[in-house]
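So this block is my_file.cif, mmCIF, C-alpha atoms:
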data_upload
loop_
_atom_site.label_atom_id
_atom_site.label_comp_id
_atom_site.auth_asym_id
_atom_site.auth_seq_id
_atom_site.Cartn_x
_atom_site.Cartn_y
_atom_site.Cartn_z
CA GLU A 30 0.00 0.00 0.00
CA ASP A 31 1.31 3.42 -0.94
CA LYS A 32 2.06 5.58 2.08
CA VAL A 33 3.71 8.78 3.20
CA VAL A 34 5.02 9.18 6.74
CA GLN A 35 6.02 12.52 8.20
CA SER A 36 7.97 13.20 11.35
CA PRO A 37 7.84 14.66 13.83
CA LEU A 38 4.07 15.06 14.16
CA SER A 39 4.53 18.23 16.17
CA LEU A 40 7.39 20.60 16.84
CA VAL A 41 7.73 23.70 19.02
CA VAL A 42 10.70 26.01 18.49
CA HIS A 43 11.70 29.60 19.17
CA GLU A 44 12.13 32.34 16.63
CA GLY A 45 15.51 32.14 14.97
CA ASP A 46 15.83 28.38 15.30
CA THR A 47 16.43 26.11 12.31
CA VAL A 48 14.07 23.18 11.84
CA THR A 49 14.13 20.07 9.70
CA LEU A 50 10.95 18.27 8.78
CA ASN A 51 11.07 14.72 7.48
CA CYS A 52 9.02 12.84 4.95
CA SER A 53 9.51 9.22 3.95
CA TYR A 54 7.47 7.42 1.34
CA GLU A 55 6.67 4.07 -0.16
CA VAL A 56 4.92 4.26 -3.52
CA THR A 57 4.32 1.91 -6.42
CA ASN A 58 5.89 4.20 -8.99
CA PHE A 59 7.20 7.49 -7.72
CA ARG A 60 6.81 10.52 -9.97
CA SER A 61 7.03 13.59 -7.75
CA LEU A 62 7.02 14.79 -4.16
CA LEU A 63 5.42 18.02 -3.07
CA TRP A 64 5.55 20.13 0.08
CA TYR A 65 2.59 22.27 1.14
CA LYS A 66 2.08 24.72 3.99
CA GLN A 67 -1.35 24.73 5.60
CA GLU A 68 -2.19 27.59 7.91
CA LYS A 69 -5.83 28.25 8.63
CA LYS A 70 -7.40 26.55 5.66
CA ALA A 71 -6.14 25.71 2.20
CA PRO A 72 -2.74 24.11 1.65
CA THR A 73 -0.43 26.41 -0.28
CA PHE A 74 2.24 25.02 -2.57
CA LEU A 75 5.89 25.28 -1.52
CA PHE A 76 8.02 22.93 -3.62
CA MET A 77 7.85 20.11 -6.11
CA LEU A 78 10.75 17.67 -6.34
CA THR A 79 11.14 15.20 -9.16
CA SER A 80 13.85 13.08 -10.70
CA SER A 81 15.03 16.13 -12.62
CA GLY A 82 14.92 18.46 -9.64
CA ILE A 83 16.00 16.97 -6.33
CA GLU A 84 16.90 20.18 -4.54
CA LYS A 85 14.86 23.35 -4.28
CA LYS A 86 15.37 26.60 -2.35
CA SER A 87 13.22 29.63 -1.79
CA GLY A 88 14.34 32.20 0.73
CA ARG A 89 14.66 30.56 4.15
CA LEU A 90 13.06 27.34 2.95
CA SER A 91 14.85 24.54 1.17
CA SER A 92 14.11 20.94 0.38
CA ILE A 93 15.99 17.93 -0.89
CA LEU A 94 14.84 14.59 -2.22
CA ASP A 95 16.74 11.35 -1.77
CA LYS A 96 15.22 8.93 -4.28
CA LYS A 97 17.51 6.13 -3.23
CA GLU A 98 16.54 6.25 0.43
CA LEU A 99 12.96 7.34 -0.33
CA PHE A 100 12.77 10.45 1.78
CA SER A 101 12.70 14.19 1.63
CA ILE A 102 13.47 16.92 4.12
CA LEU A 103 12.15 20.45 4.38
CA ASN A 104 14.49 22.89 6.08
CA ILE A 105 13.47 26.24 7.49
CA THR A 106 16.22 28.53 8.76
CA ALA A 107 15.84 31.58 11.01
CA THR A 108 12.24 30.63 11.79
CA GLN A 109 9.62 33.31 12.33
CA THR A 110 6.23 33.18 14.03
CA GLY A 111 4.66 33.37 10.57
CA ASP A 112 6.17 29.97 9.80
CA SER A 113 3.77 28.40 12.30
CA ALA A 114 1.61 26.02 10.29
CA ILE A 115 1.09 22.40 9.37
CA TYR A 116 3.57 21.27 6.73
CA LEU A 117 2.26 18.56 4.44
CA CYS A 118 4.26 16.21 2.27
CA ALA A 119 2.59 14.46 -0.67
CA VAL A 120 3.65 12.11 -3.46
CA THR A 121 2.16 11.14 -6.79
CA PRO A 122 2.21 7.36 -6.98
CA GLN A 123 0.39 6.30 -10.12
CA PRO A 124 2.23 4.44 -12.86
CA GLY A 125 1.89 5.63 -16.40
CA GLY A 126 2.11 9.28 -15.50
CA SER A 127 -1.39 10.15 -16.64
CA GLN A 128 -2.86 10.87 -13.25
CA GLY A 129 -1.91 13.48 -10.75
CA ASN A 130 -3.66 12.51 -7.56
CA LEU A 131 -1.66 13.06 -4.40
CA ILE A 132 -1.11 10.87 -1.37
CA PHE A 133 -0.54 13.01 1.69
CA GLY A 134 1.23 12.39 4.96
CA LYS A 135 -0.47 13.39 8.21
CA GLY A 136 1.64 16.55 8.41
CA THR A 137 4.03 18.15 10.88
CA LYS A 138 2.56 20.88 13.06
CA LEU A 139 5.20 23.55 13.58
CA SER A 140 4.76 26.18 16.28
CA VAL A 141 7.27 29.02 16.42
CA LYS A 142 7.29 30.92 19.72
CA PRO A 143 8.47 34.56 19.92
CA ASP B 21 -5.39 33.53 -2.96
CA SER B 22 -4.88 30.52 -5.23
CA GLY B 23 -7.56 31.48 -7.74
CA VAL B 24 -9.62 28.38 -6.94
CA THR B 25 -13.03 29.18 -5.46
CA GLN B 26 -15.29 26.94 -3.46
CA THR B 27 -18.82 27.41 -2.20
CA PRO B 28 -20.24 27.30 0.34
CA LYS B 29 -17.59 27.98 2.97
CA HIS B 30 -19.55 26.23 5.71
CA LEU B 31 -22.39 23.75 5.60
CA ILE B 32 -24.31 22.27 8.50
CA THR B 33 -26.78 19.52 7.78
CA ALA B 34 -28.35 16.43 9.30
CA THR B 35 -27.66 12.74 8.84
CA GLY B 36 -29.36 11.23 5.82
CA GLN B 37 -29.35 14.46 3.87
CA ARG B 38 -27.71 15.27 0.55
CA VAL B 39 -25.45 18.25 -0.19
CA THR B 40 -23.62 19.65 -3.20
CA LEU B 41 -20.24 21.36 -2.99
CA ARG B 42 -19.11 23.57 -5.83
CA CYS B 43 -15.65 24.38 -7.16
CA SER B 44 -14.39 26.75 -9.83
CA PRO B 45 -10.82 26.06 -10.94
CA ARG B 46 -8.18 28.67 -11.68
CA SER B 47 -8.60 30.34 -15.03
CA GLY B 48 -7.11 28.08 -17.69
CA ASP B 49 -6.84 24.99 -15.51
CA LEU B 50 -8.46 21.91 -17.00
CA SER B 51 -7.98 19.43 -14.20
CA VAL B 52 -9.93 19.41 -10.93
CA TYR B 53 -9.29 17.29 -7.87
CA TRP B 54 -11.40 16.70 -4.77
CA TYR B 55 -9.90 15.92 -1.36
CA GLN B 56 -11.36 15.24 2.06
CA GLN B 57 -9.54 16.27 5.21
CA SER B 58 -10.63 14.88 8.55
CA LEU B 59 -8.85 15.00 11.89
CA ASP B 60 -8.02 11.31 12.01
CA GLN B 61 -7.39 10.58 8.32
CA GLY B 62 -5.56 13.66 7.14
CA LEU B 63 -5.93 14.71 3.50
CA GLN B 64 -7.40 11.97 1.30
CA PHE B 65 -7.73 12.09 -2.46
CA LEU B 66 -11.28 11.45 -3.64
CA ILE B 67 -11.52 11.95 -7.40
CA GLN B 68 -9.97 13.77 -10.36
CA TYR B 69 -11.52 15.20 -13.52
CA TYR B 70 -9.80 16.47 -16.61
CA ASN B 71 -11.67 18.50 -19.19
CA GLY B 72 -15.01 16.99 -18.20
CA GLU B 73 -13.89 13.39 -17.97
CA GLU B 74 -13.18 11.36 -14.85
CA ARG B 75 -9.44 10.70 -14.71
CA ALA B 76 -8.70 8.98 -11.41
CA LYS B 77 -10.56 7.70 -8.39
CA GLY B 78 -9.27 7.48 -4.87
CA ASN B 79 -11.00 6.76 -1.58
CA ILE B 80 -14.39 7.98 -2.68
CA LEU B 81 -17.46 6.34 -1.17
CA GLU B 82 -20.30 5.10 -3.37
CA ARG B 83 -22.56 7.64 -1.65
CA PHE B 84 -20.38 10.38 -3.13
CA SER B 85 -20.27 11.43 -6.76
CA ALA B 86 -18.79 14.26 -8.75
CA GLN B 87 -18.83 15.78 -12.18
CA GLN B 88 -17.07 18.47 -14.16
CA PHE B 89 -19.17 20.65 -16.41
CA PRO B 90 -18.36 22.14 -19.85
CA ASP B 91 -17.39 25.43 -18.22
CA LEU B 92 -14.91 23.36 -16.13
CA HIS B 93 -16.48 24.00 -12.75
CA SER B 94 -17.02 20.89 -10.70
CA GLU B 95 -19.54 19.69 -8.16
CA LEU B 96 -19.14 17.07 -5.45
CA ASN B 97 -22.40 15.46 -4.35
CA LEU B 98 -22.57 13.80 -0.95
CA SER B 99 -25.69 11.78 -0.17
CA SER B 100 -27.09 9.76 2.75
CA LEU B 101 -24.77 11.75 4.95
CA GLU B 102 -23.33 10.20 8.09
CA LEU B 103 -21.68 11.78 11.11
CA GLY B 104 -18.31 10.56 9.87
CA ASP B 105 -18.64 12.60 6.70
CA SER B 106 -18.00 15.75 8.72
CA ALA B 107 -14.75 17.11 7.32
CA LEU B 108 -13.11 19.82 5.30
CA TYR B 109 -13.53 19.24 1.57
CA PHE B 110 -10.95 20.79 -0.71
CA CYS B 111 -10.97 21.27 -4.42
CA ALA B 112 -7.67 21.75 -6.25
CA SER B 113 -6.90 22.50 -9.87
CA SER B 114 -3.99 22.23 -12.25
CA LEU B 115 -3.41 23.06 -15.88
CA ASP B 116 -2.78 19.48 -16.94
CA PRO B 117 -3.60 16.19 -15.23
CA GLY B 118 -0.09 14.79 -14.90
CA PRO B 119 1.85 14.16 -11.71
CA GLU B 120 4.33 16.93 -12.39
CA GLU B 121 1.72 19.63 -12.42
CA THR B 122 1.37 21.75 -9.30
CA GLN B 123 -2.06 21.60 -7.73
CA TYR B 124 -3.52 24.79 -6.30
CA PHE B 125 -6.04 24.39 -3.52
CA GLY B 126 -9.24 26.28 -2.89
CA PRO B 127 -10.23 27.54 0.59
CA GLY B 128 -12.34 24.47 1.30
CA THR B 129 -15.88 23.77 2.41
CA ARG B 130 -16.32 22.78 6.03
CA LEU B 131 -19.13 20.24 6.33
CA LEU B 132 -20.70 19.43 9.67
CA VAL B 133 -23.19 16.59 9.82
CA LEU B 134 -25.30 16.56 12.99
#
If you convert what's in this file into structure tokens, what do you get?
Amino acid sequence: EDKVVQSPLSLVVHEGDTVTLNCSYEVTNFRSLLWYKQEKKAPTFLFMLTSSGIEKKSGRLSSILDKKELFSILNITATQTGDSAIYLCAVTPQPGGSQGNLIFGKGTKLSVKP
Amino acid sequence: DSGVTQTPKHLITATGQRVTLRCSPRSGDLSVYWYQQSLDQGLQFLIQYYNGEERAKGNILERFSAQQFPDLHSELNLSSLELGDSALYFCASSLDPGPEETQYFGPGTRLLVL
């Protein structure tokens, strides 16, 4: 069964700390891995990692994909209170590449204290 | 704001009833996805449409159905509602249906079944 496991489930840090969120996956035929940030409601897209793009960076956020070990990490440096959210990892598992449905992990709830 | 709109924002109904959730994708996007997010299950993929045709099915119950109309908006119909159907229902859209297309999520419809 395809699955995505995120750890830790919850994390509390102070402003300025660096955090690393983990995502491991087991899928039938991996195509891509995505990171989303969910604050009050809708998940918002952060990164997509594929075979042709295994490292992404945007400001204080960065992510790498290890296709051999089947995991990804999301790094946030110099955290701010606005980084407080649930971070979701998702993969697209379907063979053939014609479908784009996502399988999500349960998420990591990050709380950044002032 | 992702450009994906969903109505209504909140819905309270009773067991046994039927409801319809509506989604308008981002301008130009042809593919629509429906997800259910509950506290214990996390985000679960329900169904995907591309240009009016069903493309992929996930964990969608037989009591649930969806369709995508010629103007590309989509509706998710939930019938014979049960208490366990209470959840946040998200619609997402992407330009193409493939796994390397970023999905943009709408604000969600929060359904409460009493």
Identify which of the residues B:Phe110, B:Asp116, B:Asn97, B:Leu41 lies closest to Arg75 (chain B), counting only C-alpha atoms when measuring atom-to-atom distances.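 So, comparing all the options, the nearest one is B:Asp116.
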Run the PyMOL selection byres ((chain A and resi 134) around 8) on the file and write out the hits as a compact mmCIF listing (two decimals) with C-alpha atoms, in the frame of the given file.
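out_35.txt, freshly written:
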# COMPACT_ATOMS: atom_id res chain seq x y z
CA LYS A 32 2.06 5.58 2.08
CA VAL A 33 3.71 8.78 3.20
CA VAL A 34 5.02 9.18 6.74
CA GLN A 35 6.02 12.52 8.20
CA CYS A 52 9.02 12.84 4.95
CA LEU A 117 2.26 18.56 4.44
CA CYS A 118 4.26 16.21 2.27
CA ALA A 119 2.59 14.46 -0.67
CA ILE A 132 -1.11 10.87 -1.37
CA PHE A 133 -0.54 13.01 1.69
CA LYS A 135 -0.47 13.39 8.21
CA GLY A 136 1.64 16.55 8.41
CA GLY B 62 -5.56 13.66 7.14
CA LEU B 63 -5.93 14.71 3.50
Fewer than 5 positions away in the same chain doesn't count, so skip those; otherwise give me all residues within 12 Å of Pro37 (chain A), counting all atoms listed in the file, as a PyMOL selection string.
chain A and resi 48-53+102-103+115-117+134-139
| Given the file above and the PyMOL selection byres ((chain A and resi 105) around 6), which residues are selected, and can you give them as a list in words? | Thr47, Val48, Arg89, Leu90, Asn104 and Thr106 of chain A
So what do you get for CA of Leu75 (chain A) versus CA of Thr121 (chain A), distance-wise?
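Calculated distance between CA of Leu75 (chain A) and CA of Thr121 (chain A) is 15.5 Å.
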- prompt: Using all atoms listed in the file, which chain A residues lie at most 9 Å away from chain B, written as a ChimeraX atom specification?
  reply: /A:60-63,70-74,76-79,120-123,126-136
Practice task
Please check which residues have atoms at most 12 Å from (15.6, 4.4, -2.7) in the file's coordinates, counting all atoms listed in the file, and write them as a ChimeraX atom specification.
Solution key: /A:53-56,58-59,80,94-101
Where does the PyMOL selection byres ((chain B and resi 104) around 10) land in this file, that is, which residues does it pick, as a compact mmCIF listing (two decimals) with C-alpha atoms, keeping the file's coordinate frame?
# COMPACT_ATOMS: atom_id res chain seq x y z
CA THR B 35 -27.66 12.74 8.84
CA SER B 58 -10.63 14.88 8.55
CA LEU B 101 -24.77 11.75 4.95
CA GLU B 102 -23.33 10.20 8.09
CA LEU B 103 -21.68 11.78 11.11
CA ASP B 105 -18.64 12.60 6.70
CA SER B 106 -18.00 15.75 8.72
CA ALA B 107 -14.75 17.11 7.32
CA LEU B 132 -20.70 19.43 9.67
CA VAL B 133 -23.19 16.59 9.82
CA LEU B 134 -25.30 16.56 12.99
Taken to one decimal, the CA of Arg46 (chain B)-CA of Leu92 (chain B) distance is 9.7 Å
Query - Point-to-point distance in Å for CA of Leu31 (chain B) and CA of Leu131 (chain B) - result: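 Separation between CA of Leu131 (chain B) and CA of Leu31 (chain B): 4.8 Å.
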Emit as lines of an AutoDock Vina configuration file the padded axis-aligned box for all listed atoms of region 100-106 of chain B, 6 Å per side, with centre and edge lengths in Å to one decimal.
center_x = -22.5
center_y = 12.8
center_z = 6.9
size_x = 21.1
size_y = 18.0
size_z = 20.4
